[in-house]
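Peer 1: Next comes target_5.cif, mmCIF, C-alpha atoms; chains and numbers go by the auth columns:
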data_model
loop_
_atom_site.group_PDB
_atom_site.id
_atom_site.type_symbol
_atom_site.label_atom_id
_atom_site.label_comp_id
_atom_site.label_asym_id
_atom_site.label_seq_id
_atom_site.Cartn_x
_atom_site.Cartn_y
_atom_site.Cartn_z
_atom_site.B_iso_or_equiv
_atom_site.auth_seq_id
_atom_site.auth_asym_id
ATOM 1 C CA MET A 1 6.816 -3.107 -1.036 0.00 1368 P
ATOM 2 C CA LEU A 2 7.739 -2.244 -4.585 0.00 1369 P
ATOM 3 C CA LEU A 3 11.095 -0.645 -5.432 0.00 1370 P
ATOM 4 C CA ILE A 4 11.475 1.355 -8.644 0.00 1371 P
ATOM 5 C CA GLU A 5 14.755 2.580 -10.112 0.00 1372 P
ATOM 6 C CA VAL A 6 14.401 5.993 -11.754 0.00 1373 P
ATOM 7 C CA GLY A 7 17.841 6.836 -13.083 0.00 1374 P
ATOM 8 C CA ARG A 8 20.006 7.189 -10.003 0.00 1375 P
ATOM 9 C CA ARG A 9 17.001 7.668 -7.735 0.00 1376 P
ATOM 10 C CA LEU A 10 14.871 5.044 -6.013 0.00 1377 P
ATOM 11 C CA VAL A 11 11.130 5.216 -5.447 0.00 1378 P
ATOM 12 C CA LEU A 12 9.468 2.935 -2.915 0.00 1379 P
ATOM 13 C CA VAL A 13 5.792 1.961 -2.843 0.00 1380 P
ATOM 14 C CA ASP A 14 4.914 1.221 0.814 0.00 1381 P
ATOM 15 C CA THR A 15 7.607 0.470 3.373 0.00 1382 P
ATOM 16 C CA GLY A 16 6.498 -2.460 5.516 0.00 1383 P
ATOM 17 C CA PHE A 17 7.583 -2.486 9.144 0.00 1384 P
ATOM 18 C CA GLY A 18 10.563 -0.360 10.144 0.00 1385 P
ATOM 19 C CA SER A 19 13.750 -1.070 12.067 0.00 1386 P
ATOM 20 C CA ALA A 20 12.287 0.554 15.183 0.00 1387 P
ATOM 21 C CA ASP A 21 9.231 -1.729 14.989 0.00 1388 P
ATOM 22 C CA VAL A 22 11.501 -4.768 14.866 0.00 1389 P
ATOM 23 C CA LEU A 23 13.531 -3.580 17.842 0.00 1390 P
ATOM 24 C CA THR A 24 10.528 -2.413 19.888 0.00 1391 P
ATOM 25 C CA PRO A 25 7.370 -4.319 18.909 0.00 1392 P
ATOM 26 C CA SER A 26 5.334 -2.449 21.538 0.00 1393 P
ATOM 27 C CA ARG A 27 5.346 0.485 19.097 0.00 1394 P
ATOM 28 C CA LEU A 28 2.714 -1.451 17.160 0.00 1395 P
ATOM 29 C CA GLY A 29 0.239 -1.449 20.026 0.00 1396 P
ATOM 30 C CA PRO A 30 -2.002 -4.303 21.172 0.00 1397 P
ATOM 31 C CA VAL A 31 -2.969 -5.237 17.614 0.00 1398 P
ATOM 32 C CA ARG A 32 0.415 -6.970 17.312 0.00 1399 P
ATOM 33 C CA HIS A 33 -0.864 -9.817 19.485 0.00 1400 P
ATOM 34 C CA PRO A 34 -3.619 -11.092 17.158 0.00 1401 P
ATOM 35 C CA LEU A 35 -1.606 -10.207 14.030 0.00 1402 P
ATOM 36 C CA ARG A 36 1.626 -11.852 15.259 0.00 1403 P
ATOM 37 C CA PRO A 37 3.763 -10.225 12.550 0.00 1404 P
ATOM 38 C CA ALA A 38 7.125 -11.718 11.683 0.00 1405 P
ATOM 39 C CA LEU A 39 9.405 -8.851 12.665 0.00 1406 P
ATOM 40 C CA ARG A 40 12.731 -9.680 11.042 0.00 1407 P
ATOM 41 C CA PRO A 41 15.509 -7.091 10.581 0.00 1408 P
ATOM 42 C CA GLU A 42 16.407 -8.538 7.174 0.00 1409 P
ATOM 43 C CA GLU A 43 12.868 -7.896 5.903 0.00 1410 P
ATOM 44 C CA THR A 44 12.802 -4.159 6.592 0.00 1411 P
ATOM 45 C CA ALA A 45 12.852 -1.917 3.538 0.00 1412 P
ATOM 46 C CA VAL A 46 16.333 -0.536 4.203 0.00 1413 P
ATOM 47 C CA ALA A 47 17.791 -4.025 4.705 0.00 1414 P
ATOM 48 C CA ARG A 48 16.240 -5.321 1.505 0.00 1415 P
ATOM 49 C CA ILE A 49 17.444 -2.308 -0.460 0.00 1416 P
ATOM 50 C CA ARG A 50 20.984 -2.849 0.837 0.00 1417 P
ATOM 51 C CA SER A 51 20.755 -6.558 -0.049 0.00 1418 P
ATOM 52 C CA LEU A 52 20.297 -5.457 -3.679 0.00 1419 P
ATOM 53 C CA GLY A 53 23.536 -3.503 -3.492 0.00 1420 P
ATOM 54 C CA LEU A 54 21.670 -0.188 -3.432 0.00 1421 P
ATOM 55 C CA ASP A 55 21.831 2.745 -1.032 0.00 1422 P
ATOM 56 C CA PRO A 56 18.649 3.574 0.969 0.00 1423 P
ATOM 57 C CA ALA A 57 19.725 7.218 0.818 0.00 1424 P
ATOM 58 C CA ALA A 58 18.868 7.092 -2.893 0.00 1425 P
ATOM 59 C CA VAL A 59 15.168 6.701 -2.026 0.00 1426 P
ATOM 60 C CA THR A 60 13.882 10.181 -2.795 0.00 1427 P
ATOM 61 C CA ASP A 61 10.158 9.366 -2.706 0.00 1428 P
ATOM 62 C CA VAL A 62 7.845 6.943 -0.934 0.00 1429 P
ATOM 63 C CA VAL A 63 4.337 6.445 -2.298 0.00 1430 P
ATOM 64 C CA LEU A 64 1.945 4.994 0.266 0.00 1431 P
ATOM 65 C CA THR A 65 -1.128 3.044 -0.746 0.00 1432 P
ATOM 66 C CA HIS A 66 -2.303 3.727 2.824 0.00 1433 P
ATOM 67 C CA GLY A 67 -0.968 4.344 6.303 0.00 1434 P
ATOM 68 C CA ASP A 68 -1.561 1.032 8.083 0.00 1435 P
ATOM 69 C CA LEU A 69 1.128 0.051 10.575 0.00 1436 P
ATOM 70 C CA ASP A 70 2.471 -2.708 8.295 0.00 1437 P
ATOM 71 C CA HIS A 71 2.843 -0.275 5.382 0.00 1438 P
ATOM 72 C CA ALA A 72 4.217 2.912 6.934 0.00 1439 P
ATOM 73 C CA GLY A 73 6.578 1.704 9.670 0.00 1440 P
ATOM 74 C CA GLY A 74 9.647 1.942 7.454 0.00 1441 P
ATOM 75 C CA LEU A 75 9.207 5.688 6.940 0.00 1442 P
ATOM 76 C CA VAL A 76 11.305 6.319 10.037 0.00 1443 P
ATOM 77 C CA ASP A 77 14.260 4.667 8.265 0.00 1444 P
ATOM 78 C CA LEU A 78 13.894 7.016 5.270 0.00 1445 P
ATOM 79 C CA PRO A 79 13.480 10.452 6.908 0.00 1446 P
ATOM 80 C CA HIS A 80 14.824 12.294 3.858 0.00 1447 P
ATOM 81 C CA ALA A 81 12.206 10.883 1.466 0.00 1448 P
ATOM 82 C CA GLN A 82 9.151 12.775 0.257 0.00 1449 P
ATOM 83 C CA VAL A 83 6.000 10.834 1.164 0.00 1450 P
ATOM 84 C CA HIS A 84 3.035 10.816 -1.210 0.00 1451 P
ATOM 85 C CA LEU A 85 -0.486 9.661 -0.337 0.00 1452 P
ATOM 86 C CA LEU A 86 -4.086 10.708 -0.828 0.00 1453 P
ATOM 87 C CA ALA A 87 -5.173 13.673 1.292 0.00 1454 P
ATOM 88 C CA ALA A 88 -8.071 11.692 2.748 0.00 1455 P
ATOM 89 C CA GLU A 89 -5.618 9.150 4.118 0.00 1456 P
ATOM 90 C CA GLN A 90 -3.457 11.859 5.665 0.00 1457 P
ATOM 91 C CA ARG A 91 -6.513 13.314 7.427 0.00 1458 P
ATOM 92 C CA ALA A 92 -7.409 9.893 8.834 0.00 1459 P
ATOM 93 C CA ILE A 93 -3.852 9.370 10.071 0.00 1460 P
ATOM 94 C CA GLN A 94 -3.781 12.762 11.763 0.00 1461 P
ATOM 95 C CA HIS A 95 -7.305 12.510 13.193 0.00 1462 P
ATOM 96 C CA PRO A 96 -8.217 8.823 13.596 0.00 1463 P
ATOM 97 C CA GLN A 97 -11.867 8.078 14.196 0.00 1464 P
ATOM 98 C CA GLY A 98 -12.918 5.039 16.221 0.00 1465 P
ATOM 99 C CA LEU A 99 -11.064 2.014 17.525 0.00 1466 P
ATOM 100 C CA LEU A 100 -10.065 0.573 14.145 0.00 1467 P
ATOM 101 C CA GLU A 101 -8.275 3.713 12.962 0.00 1468 P
ATOM 102 C CA ALA A 102 -6.695 4.222 16.375 0.00 1469 P
ATOM 103 C CA GLN A 103 -5.111 0.776 16.043 0.00 1470 P
ATOM 104 C CA ARG A 104 -4.153 0.842 12.382 0.00 1471 P
ATOM 105 C CA TYR A 105 -2.391 4.243 12.452 0.00 1472 P
ATOM 106 C CA ARG A 106 0.426 4.192 15.004 0.00 1473 P
ATOM 107 C CA PRO A 107 1.584 7.663 16.197 0.00 1474 P
ATOM 108 C CA SER A 108 5.080 6.330 16.892 0.00 1475 P
ATOM 109 C CA GLN A 109 5.555 5.635 13.183 0.00 1476 P
ATOM 110 C CA TRP A 110 4.822 9.255 12.297 0.00 1477 P
ATOM 111 C CA ALA A 111 6.435 11.051 15.259 0.00 1478 P
ATOM 112 C CA HIS A 112 9.664 11.776 13.361 0.00 1479 P
ATOM 113 C CA GLY A 113 7.761 14.232 11.145 0.00 1480 P
ATOM 114 C CA PRO A 114 8.048 12.776 7.636 0.00 1481 P
ATOM 115 C CA ARG A 115 7.882 15.139 4.673 0.00 1482 P
ATOM 116 C CA ILE A 116 4.350 14.534 3.419 0.00 1483 P
ATOM 117 C CA THR A 117 2.747 15.595 0.157 0.00 1484 P
ATOM 118 C CA PRO A 118 -1.003 14.912 0.380 0.00 1485 P
ATOM 119 C CA HIS A 119 -2.776 14.632 -2.967 0.00 1486 P
ATOM 120 C CA ARG A 120 -6.397 15.450 -3.633 0.00 1487 P
ATOM 121 C CA PRO A 121 -8.162 13.314 -6.268 0.00 1488 P
ATOM 122 C CA GLY A 122 -6.885 14.337 -9.682 0.00 1489 P
ATOM 123 C CA ALA A 123 -8.386 14.799 -13.122 0.00 1490 P
ATOM 124 C CA VAL A 124 -6.931 11.664 -14.730 0.00 1491 P
ATOM 125 C CA ARG A 125 -9.139 8.718 -15.699 0.00 1492 P
ATOM 126 C CA TRP A 126 -7.333 5.364 -15.956 0.00 1493 P
ATOM 127 C CA LYS A 127 -8.954 2.094 -17.032 0.00 1494 P
ATOM 128 C CA GLY A 128 -12.334 3.364 -15.803 0.00 1495 P
ATOM 129 C CA PHE A 129 -11.006 4.591 -12.445 0.00 1496 P
ATOM 130 C CA GLU A 130 -11.685 8.282 -11.788 0.00 1497 P
ATOM 131 C CA GLY A 131 -9.748 10.809 -9.721 0.00 1498 P
ATOM 132 C CA CYS A 132 -6.284 9.469 -10.472 0.00 1499 P
ATOM 133 C CA VAL A 133 -3.287 11.638 -9.582 0.00 1500 P
ATOM 134 C CA ASP A 134 -0.452 12.107 -12.062 0.00 1501 P
ATOM 135 C CA LEU A 135 2.827 11.377 -10.254 0.00 1502 P
ATOM 136 C CA SER A 136 5.044 11.650 -13.329 0.00 1503 P
ATOM 137 C CA ALA A 137 7.269 14.008 -11.357 0.00 1504 P
ATOM 138 C CA VAL A 138 8.077 11.019 -9.126 0.00 1505 P
ATOM 139 C CA ALA A 139 8.322 8.358 -11.869 0.00 1506 P
ATOM 140 C CA LEU A 140 7.366 8.796 -15.501 0.00 1507 P
ATOM 141 C CA GLY A 141 3.754 7.749 -16.074 0.00 1508 P
ATOM 142 C CA MET A 142 3.089 6.836 -12.432 0.00 1509 P
ATOM 143 C CA LEU A 143 -0.488 7.286 -11.246 0.00 1510 P
ATOM 144 C CA LEU A 144 -2.014 7.252 -7.768 0.00 1511 P
ATOM 145 C CA VAL A 145 -5.326 5.461 -8.310 0.00 1512 P
ATOM 146 C CA PRO A 146 -8.106 5.807 -5.682 0.00 1513 P
ATOM 147 C CA LEU A 147 -9.212 2.307 -4.624 0.00 1514 P
ATOM 148 C CA PRO A 148 -11.611 3.068 -1.757 0.00 1515 P
ATOM 149 C CA GLY A 149 -12.790 0.825 1.025 0.00 1516 P
ATOM 150 C CA HIS A 150 -9.908 -0.620 2.993 0.00 1517 P
ATOM 151 C CA THR A 151 -9.015 2.722 4.594 0.00 1518 P
ATOM 152 C CA ALA A 152 -10.352 6.267 4.359 0.00 1519 P
ATOM 153 C CA GLY A 153 -7.963 7.216 1.558 0.00 1520 P
ATOM 154 C CA HIS A 154 -6.715 3.936 0.161 0.00 1521 P
ATOM 155 C CA ALA A 155 -5.101 4.009 -3.285 0.00 1522 P
ATOM 156 C CA GLY A 156 -3.223 1.862 -5.748 0.00 1523 P
ATOM 157 C CA VAL A 157 -0.153 2.779 -7.770 0.00 1524 P
ATOM 158 C CA ALA A 158 -0.170 2.231 -11.542 0.00 1525 P
ATOM 159 C CA LEU A 159 3.053 2.123 -13.549 0.00 1526 P
ATOM 160 C CA PRO A 160 3.530 1.781 -17.295 0.00 1527 P
ATOM 161 C CA THR A 161 5.814 -1.076 -18.312 0.00 1528 P
ATOM 162 C CA GLY A 162 7.275 -2.158 -21.604 0.00 1529 P
ATOM 163 C CA ASN A 163 4.217 -4.252 -22.422 0.00 1530 P
ATOM 164 C CA GLY A 164 1.329 -2.772 -20.473 0.00 1531 P
ATOM 165 C CA TRP A 165 0.683 -1.652 -16.919 0.00 1532 P
ATOM 166 C CA LEU A 166 1.546 -2.833 -13.433 0.00 1533 P
ATOM 167 C CA LEU A 167 -0.979 -1.959 -10.736 0.00 1534 P
ATOM 168 C CA HIS A 168 0.078 -2.238 -7.097 0.00 1535 P
ATOM 169 C CA ALA A 169 -3.339 -2.468 -5.469 0.00 1536 P
ATOM 170 C CA GLY A 170 -2.176 -2.175 -1.860 0.00 1537 P
ATOM 171 C CA ASP A 171 -4.715 -3.847 0.400 0.00 1538 P
ATOM 172 C CA ALA A 172 -7.699 -3.463 -1.931 0.00 1539 P
ATOM 173 C CA PHE A 173 -7.715 -7.244 -1.667 0.00 1540 P
ATOM 174 C CA HIS A 174 -5.641 -9.646 0.414 0.00 1541 P
ATOM 175 C CA SER A 175 -5.903 -12.730 -1.765 0.00 1542 P
ATOM 176 C CA ALA A 176 -6.244 -13.216 -5.503 0.00 1543 P
ATOM 177 C CA LEU A 177 -9.309 -15.295 -4.619 0.00 1544 P
ATOM 178 C CA SER A 178 -11.142 -12.019 -4.014 0.00 1545 P
ATOM 179 C CA LEU A 179 -10.824 -11.155 -7.699 0.00 1546 P
ATOM 180 C CA ARG A 180 -12.095 -14.463 -9.039 0.00 1547 P
ATOM 181 C CA GLU A 181 -15.597 -14.261 -10.399 0.00 1548 P
ATOM 182 C CA GLY A 182 -18.001 -16.023 -8.081 0.00 1549 P
ATOM 183 C CA SER A 183 -15.419 -16.489 -5.317 0.00 1550 P
ATOM 184 C CA SER A 184 -17.133 -16.602 -1.922 0.00 1551 P
ATOM 185 C CA ARG A 185 -14.569 -17.956 0.528 0.00 1552 P
ATOM 186 C CA LEU A 186 -15.976 -16.929 3.863 0.00 1553 P
ATOM 187 C CA ASP A 187 -12.641 -16.599 5.671 0.00 1554 P
ATOM 188 C CA VAL A 188 -11.281 -14.193 3.046 0.00 1555 P
ATOM 189 C CA ARG A 189 -14.422 -12.062 3.032 0.00 1556 P
ATOM 190 C CA VAL A 190 -14.713 -11.914 6.822 0.00 1557 P
ATOM 191 C CA ARG A 191 -11.071 -10.954 7.370 0.00 1558 P
ATOM 192 C CA GLN A 192 -11.190 -8.186 4.799 0.00 1559 P
ATOM 193 C CA GLY A 193 -14.570 -6.982 6.043 0.00 1560 P
ATOM 194 C CA LEU A 194 -13.357 -6.668 9.620 0.00 1561 P
ATOM 195 C CA LEU A 195 -10.455 -4.474 8.508 0.00 1562 P
ATOM 196 C CA ALA A 196 -12.456 -2.326 6.091 0.00 1563 P
ATOM 197 C CA HIS A 197 -13.144 1.346 6.646 0.00 1564 P
ATOM 198 C CA ASP A 198 -16.108 1.046 4.263 0.00 1565 P
ATOM 199 C CA GLU A 199 -16.987 -2.552 3.388 0.00 1566 P
ATOM 200 C CA PRO A 200 -19.494 -1.783 0.571 0.00 1567 P
ATOM 201 C CA ALA A 201 -16.895 0.474 -1.075 0.00 1568 P
ATOM 202 C CA LEU A 202 -14.282 -2.262 -0.692 0.00 1569 P
ATOM 203 C CA ARG A 203 -16.538 -4.831 -2.379 0.00 1570 P
ATOM 204 C CA SER A 204 -17.211 -2.380 -5.203 0.00 1571 P
ATOM 205 C CA THR A 205 -13.476 -1.802 -5.670 0.00 1572 P
ATOM 206 C CA GLN A 206 -12.863 -5.549 -5.770 0.00 1573 P
ATOM 207 C CA ARG A 207 -15.567 -6.048 -8.395 0.00 1574 P
ATOM 208 C CA ARG A 208 -14.022 -3.346 -10.560 0.00 1575 P
ATOM 209 C CA LEU A 209 -10.554 -4.857 -10.221 0.00 1576 P
ATOM 210 C CA SER A 210 -11.965 -8.289 -11.011 0.00 1577 P
ATOM 211 C CA ALA A 211 -13.565 -6.915 -14.183 0.00 1578 P
ATOM 212 C CA LEU A 212 -10.290 -5.211 -15.142 0.00 1579 P
ATOM 213 C CA VAL A 213 -8.406 -8.497 -14.814 0.00 1580 P
ATOM 214 C CA ARG A 214 -10.911 -10.231 -17.092 0.00 1581 P
ATOM 215 C CA VAL A 215 -11.121 -7.642 -19.866 0.00 1582 P
ATOM 216 C CA ASP A 216 -7.609 -6.159 -20.004 0.00 1583 P
ATOM 217 C CA PRO A 217 -4.700 -8.632 -19.992 0.00 1584 P
ATOM 218 C CA SER A 218 -2.270 -5.732 -20.432 0.00 1585 P
ATOM 219 C CA VAL A 219 -2.737 -4.892 -16.726 0.00 1586 P
ATOM 220 C CA ARG A 220 -0.914 -7.027 -14.155 0.00 1587 P
ATOM 221 C CA ILE A 221 -2.118 -6.599 -10.581 0.00 1588 P
ATOM 222 C CA ILE A 222 -0.107 -7.231 -7.429 0.00 1589 P
ATOM 223 C CA ASN A 223 -0.939 -6.493 -3.810 0.00 1590 P
ATOM 224 C CA ASN A 224 0.822 -6.491 -0.460 0.00 1591 P
ATOM 225 C CA HIS A 225 -0.144 -9.892 0.895 0.00 1592 P
ATOM 226 C CA ASP A 226 -0.449 -12.478 -1.901 0.00 1593 P
ATOM 227 C CA ARG A 227 3.070 -13.666 -2.725 0.00 1594 P
ATOM 228 C CA GLY A 228 1.773 -15.679 -5.670 0.00 1595 P
ATOM 229 C CA LEU A 229 0.874 -12.519 -7.559 0.00 1596 P
ATOM 230 C CA TRP A 230 4.477 -11.248 -7.315 0.00 1597 P
ATOM 231 C CA GLU A 231 5.823 -14.567 -8.600 0.00 1598 P
ATOM 232 C CA GLN A 232 3.649 -14.260 -11.703 0.00 1599 P
ATOM 233 C CA THR A 233 4.994 -10.819 -12.634 0.00 1600 P
#
Let me see the file written as structure tokens.
Peer 2:
Amino acid sequence: MLLIEVGRRLVLVDTGFGSADVLTPSRLGPVRHPLRPALRPEETAVARIRSLGLDPAAVTDVVLTHGDLDHAGGLVDLPHAQVHLLAAEQRAIQHPQGLLEAQRYRPSQWAHGPRITPHRPGAVRWKGFEGCVDLSAVALGMLLVPLPGHTAGHAGVALPTGNGWLLHAGDAFHSALSLREGSSRLDVRVRQGLLAHDEPALRSTQRRLSALVRVDPSVRIINNHDRGLWEQT
């Protein structure tokens, strides 16, 4: 999760698990058994926002990198927020195909009817990535950047900072090892491959992100699962 203060408003990138998931883990389906997520009330988005002395009601917009159960569960705690994601991801959530999508998109997390704005690929080109969507209406300079492979409509979120760009790459990679040139750790590759909607597309996305890291130090990349990347920012 990434929380952005925009004047008096708050914008959240991904939501993690929600309060209802913590209280009723069965909402997550059988996939919770192999994943064994740590479902702690204090780690929900609303609890963490309150711990900062902020009001969750100030979250006007949520931008989802994708709709996996560990990224969208907190939407139920923010029913007033406008939800932004790529249109391809919304279609996959509404009409899951195959066992993997049936497990990763949990109907219980969407049953409250969130206010969704699906975005088709845009006309913006950013750092060599095509089809980016201008979300300046949400936060000045924000871009939704298609990063295909992990899910049907996976995207990253790019934000201008005082000295460059911050790219939240969602689950385009799970470990910074995936972006190191020549890295071939089998466990990392297998885990990501098993969860990929399109593994060749995922590998291509990772190669492009790896090249971006090498050639453009003005871009800092974080993701959802490598805590070390957050500590470096």
Peer 1: Please evaluate the PyMOL selection byres ((chain P and resi 1452) around 6) against the displayed coordinates and give the resulting residues as number ranges by chain.
Peer 2: P: 1431, 1451, 1453, 1485
Peer 1: For the file shown, what are the residues hit by the PyMOL selection byres ((chain P and resi 1463) around 12), laid out as a PyMOL selection string?
Peer 2: chain P and resi 1434-1435+1455-1462+1464-1474+1518-1519+1564
Peer 1: Go ahead and compute the interatomic distance for CA of Ser1542 in chain P and CA of Val1586 in chain P, in Å to one decimal.
Peer 2: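 CA of Ser1542 in chain P sits 17.2 Å away from CA of Val1586 in chain P.
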Peer 1: For each of P:Arg1575, P:Gln1476, P:Ala1439, P:Pro1408, take the minimum atom-to-atom distance to Ser1393 in chain P, counting only C-alpha atoms, then give the residue where this is smallest.
Peer 2: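 The answer is P:Gln1476, which sits nearest to Ser1393 in chain P.
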Peer 1: Applied to this file, what does the PyMOL selection byres ((chain P and resi 1494-1505) around 9) return in terms of residues, put as an MDAnalysis selection string?
Peer 2: chainID P and resid 1373 1378 1427:1428 1453 1486:1493 1506:1514 1575 1579 1583
Peer 1: Selected residues, C-alpha atoms, written as a tab-separated table (two decimals), keeping the file's coordinate frame, please.
Peer 2:
chain	number	residue	atom	x	y	z
P	1373	VAL	CA	14.40	5.99	-11.75
P	1378	VAL	CA	11.13	5.22	-5.45
P	1427	THR	CA	13.88	10.18	-2.80
P	1428	ASP	CA	10.16	9.37	-2.71
P	1453	LEU	CA	-4.09	10.71	-0.83
P	1486	HIS	CA	-2.78	14.63	-2.97
P	1487	ARG	CA	-6.40	15.45	-3.63
P	1488	PRO	CA	-8.16	13.31	-6.27
P	1489	GLY	CA	-6.88	14.34	-9.68
P	1490	ALA	CA	-8.39	14.80	-13.12
P	1491	VAL	CA	-6.93	11.66	-14.73
P	1492	ARG	CA	-9.14	8.72	-15.70
P	1493	TRP	CA	-7.33	5.36	-15.96
P	1506	ALA	CA	8.32	8.36	-11.87
P	1507	LEU	CA	7.37	8.80	-15.50
P	1508	GLY	CA	3.75	7.75	-16.07
P	1509	MET	CA	3.09	6.84	-12.43
P	1510	LEU	CA	-0.49	7.29	-11.25
P	1511	LEU	CA	-2.01	7.25	-7.77
P	1512	VAL	CA	-5.33	5.46	-8.31
P	1513	PRO	CA	-8.11	5.81	-5.68
P	1514	LEU	CA	-9.21	2.31	-4.62
P	1575	ARG	CA	-14.02	-3.35	-10.56
P	1579	LEU	CA	-10.29	-5.21	-15.14
P	1583	ASP	CA	-7.61	-6.16	-20.00
Peer 1: Can you tell me, as a ChimeraX atom specification, what residues are no more than 10 Å from range 1436-1438 of chain P when counting all atoms listed in the file, ignoring any on the same chain fewer than 6 positions away?
Peer 2: /P:1368,1380-1385,1388,1394-1396,1398-1399,1404,1470-1476,1537-1538,1591
Peer 1: Could you tell me how far CA of Ala1536 in chain P lies from CA of Asn1590 in chain P, in Å and to one decimal?
Peer 2: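 Computing the Euclidean distance for CA of Ala1536 in chain P and CA of Asn1590 in chain P yields 5.0 Å.
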Peer 1: May I ask for the distance between CA of Val1426 in chain P and CA of Leu1377 in chain P, given in Å to one decimal place?
Peer 2: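 Those two atoms sit 4.3 Å apart.
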